[in-house]
Amino acid sequence: MRICLINSRQDPGGTNIRSRMEELLETPHEQPYPLELHEYSFLETEERLIFQDHIDEGLESDLIIFLSRHASMNPVPQLTVHVTGNLSTADFGGIPGSLAVAAPAWMHAILGNLSRHAPPGYRVSYEATHHGPTEISTPSLFVEVGSTAKEWSDRVAGTAVAMSVLEASPGGCIPLIGLGGTHYARRETEISLTSRGAFGHIAPSREISSIDPGMIMQMAEKSGAVAAFIDKKALRSDEIRSIEDALLPCGLVRLNESDILNFGDLTWEQYRAVLDLAFEVDPDCRPNLHRPKRGTPVILRFSPGLLEEAQKADQKALFEGISAIPLVHLQSPSGSILPQFIITEENPREILNALISLCVTLIRKEQEISIAGDHLTIRKIRFDPRKARELGVPKGPLYGELVKGRTIRVNDQVITPEMVRASTERTIHIPGLENYT
């Protein structure tokens, strides 16, 4: 890959970063920096970077990294990364409604490195899409140090940014666009730092009113995005509906934070196969990922009776237990877990074992169970109001005493909890049960 690193002569932050990069490159080091595995070059401009439309013409580069200062109305020490563009008006360079081509995987890698190298007191974040240049067809990004002259000339901060660029080594990311949130994209930053989610263009809440399907399509195309993330906590309900309506003609999958954080090792093609399988099971169900392993997704059919009893016993604990197993569970619109799970075909027996053991453990905590071969028998003992009435027990506090297992007296008659109990049994056939418990 051919990479061009560009700074402006009149930008002290950018010149600081470039100087620190050159120092690091000139200092003897045992292993080459990942950037040195590419063909890279430096370029310095006389004008401000935000006005460098079409600068990529004639550069013969595959990626442009702009080294820049960051300025803010509320200045705090900050290291940022973002792609350029104007979602609406062009107040600082570029053309209104035009976006540059993003490099999500490179921004993801550099952001992670900034988080590791940031000096004490410096924040690290994405910035939402803003300012020029917009007319660049080569993938590009800005990496910045800010937010005042003190930070622009800070050698330690400049070295942190320089090292973050030199060590950047993009991996298998999920390219996304972000919709909603603050200028510093707090949710997108947290997601990216803890997952494979790699954001390109990000539209903050203040720009949502100007976002239409055409702009979302441009954001997606210029980011190479396969999905969109909506920061619903940062938007009003009417804004969320507007964005969701605008997404419909764009064909983008919507991922929530949990989806992205628990994507696991799946490729995007495998995830689309998961969605297809989920639709076959129930078009209205919601797939919930729990870091599934990479592989061909298949449906694992589970005992409906066993799953039903486990949900009755402790639904919260069932959700928590399933979340520790590398699979996808399907949730009905009512919130119940469906008895079809999606797994990778390499490990069906291990997954089945874990699910059966989890369900049996939860049921055993609440009910009496017995296992005979492939049959699980569940015996439930409950308070029977009918028996209590027949013995003359009036409704009210005495019912509660019996439920608590206490003996009571009614009209000189001693009534024990056993006298007002009823039991039911349910036997569930689970092929291979004795091998799993």
# chains A, B, ... in the order shown; residues from 1 in each chain; ligands from 1
>>> residues_around(residues="stretch 174-179 of chain A", least_positions_apart="5", cutoff="8 Å", atoms="only C-alpha atoms", output="PyMOL selection string")
chain A and resi 104-105+188+196-205+208+219-220+223-231+268
>>> residues_around(residues="A:Leu307", least_positions_apart="4", cutoff="8 Å", atoms="only C-alpha atoms", output="VMD selection string")
chain A and resid 302 to 303 311 337 339 359
>>> write_last_selection(atoms="C-alpha atoms", output="PDB file, in the first residue's frame")
ATOM      1  CA  PHE A 302     -33.297 -27.659  21.178  1.00  0.00           C
ATOM      2  CA  SER A 303     -35.898 -29.277  23.417  1.00  0.00           C
ATOM      3  CA  GLN A 311     -37.276 -19.960  31.475  1.00  0.00           C
ATOM      4  CA  ILE A 337     -36.024 -17.466  23.902  1.00  0.00           C
ATOM      5  CA  PRO A 339     -35.813 -23.374  20.975  1.00  0.00           C
ATOM      6  CA  CYS A 359     -31.175 -25.669  31.768  1.00  0.00           C
TER       7      CYS A 359
END
>>> residues_around(residues="A:Glu39", least_positions_apart="5", cutoff="8 Å", atoms="only C-alpha atoms", output="ChimeraX atom specification")
/A:1-3
>>> write_last_selection(atoms="N, CA and C atoms", output="mmCIF file, in the first residue's frame")
data_model
loop_
_atom_site.group_PDB
_atom_site.id
_atom_site.type_symbol
_atom_site.label_atom_id
_atom_site.label_comp_id
_atom_site.auth_asym_id
_atom_site.auth_seq_id
_atom_site.Cartn_x
_atom_site.Cartn_y
_atom_site.Cartn_z
ATOM 1 N N MET A 1 0.842 -1.198 0.000
ATOM 2 C CA MET A 1 0.000 0.000 0.000
ATOM 3 C C MET A 1 0.872 1.241 0.000
ATOM 4 N N ARG A 2 0.466 2.247 -0.755
ATOM 5 C CA ARG A 2 1.176 3.522 -0.811
ATOM 6 C C ARG A 2 0.447 4.528 0.080
ATOM 7 N N ILE A 3 1.166 5.044 1.076
ATOM 8 C CA ILE A 3 0.571 5.928 2.072
ATOM 9 C C ILE A 3 1.273 7.277 2.028
#
>>> closest_atom_pairs(of="stretch 134-192 of chain A", to="stretch 232-238 of chain A", cutoff="10 Å", atoms="only C-alpha atoms", output="Markdown table")
| residue | atom | partner | partner_atom | distance |
| --- | --- | --- | --- | --- |
| A:Leu179 | CA | A:Lys232 | CA | 8.7 |
| A:Gly180 | CA | A:Ala234 | CA | 6.0 |
| A:Gly181 | CA | A:Ala234 | CA | 5.1 |
| A:Thr182 | CA | A:Ala234 | CA | 7.8 |
| A:Arg187 | CA | A:Ala234 | CA | 9.4 |
>>> residues_around(residues="A:His131", least_positions_apart="6", cutoff="7 Å", atoms="only C-alpha atoms", output="PyMOL selection string")
chain A and resi 50+84-86+90-94
>>> write_last_selection(atoms="N, CA and C atoms", output="mmCIF file, in the first residue's frame")
data_model
loop_
_atom_site.group_PDB
_atom_site.id
_atom_site.type_symbol
_atom_site.label_atom_id
_atom_site.label_comp_id
_atom_site.auth_asym_id
_atom_site.auth_seq_id
_atom_site.Cartn_x
_atom_site.Cartn_y
_atom_site.Cartn_z
ATOM 1 N N ILE A 50 -7.637 21.945 5.558
ATOM 2 C CA ILE A 50 -9.070 21.877 5.290
ATOM 3 C C ILE A 50 -9.431 22.388 3.902
ATOM 4 N N THR A 84 -13.195 13.524 6.823
ATOM 5 C CA THR A 84 -13.729 14.857 6.534
ATOM 6 C C THR A 84 -14.962 14.802 5.636
ATOM 7 N N GLY A 85 -15.707 15.908 5.676
ATOM 8 C CA GLY A 85 -16.900 16.015 4.855
ATOM 9 C C GLY A 85 -17.850 17.037 5.440
ATOM 10 N N ASN A 86 -18.797 17.454 4.647
ATOM 11 C CA ASN A 86 -19.823 18.400 5.093
ATOM 12 C C ASN A 86 -21.188 17.752 4.929
ATOM 13 N N ALA A 90 -21.009 24.128 4.235
ATOM 14 C CA ALA A 90 -19.546 24.057 4.188
ATOM 15 C C ALA A 90 -18.981 25.295 4.889
ATOM 16 N N ASP A 91 -18.850 25.206 6.200
ATOM 17 C CA ASP A 91 -18.369 26.362 6.967
ATOM 18 C C ASP A 91 -16.844 26.418 7.056
ATOM 19 N N PHE A 92 -16.197 25.278 6.860
ATOM 20 C CA PHE A 92 -14.730 25.231 6.988
ATOM 21 C C PHE A 92 -14.144 24.363 5.880
ATOM 22 N N GLY A 93 -14.229 24.850 4.664
ATOM 23 C CA GLY A 93 -13.631 24.143 3.543
ATOM 24 C C GLY A 93 -14.539 23.101 2.934
ATOM 25 N N GLY A 94 -14.192 22.708 1.718
ATOM 26 C CA GLY A 94 -14.964 21.687 1.038
ATOM 27 C C GLY A 94 -16.235 22.214 0.424
#
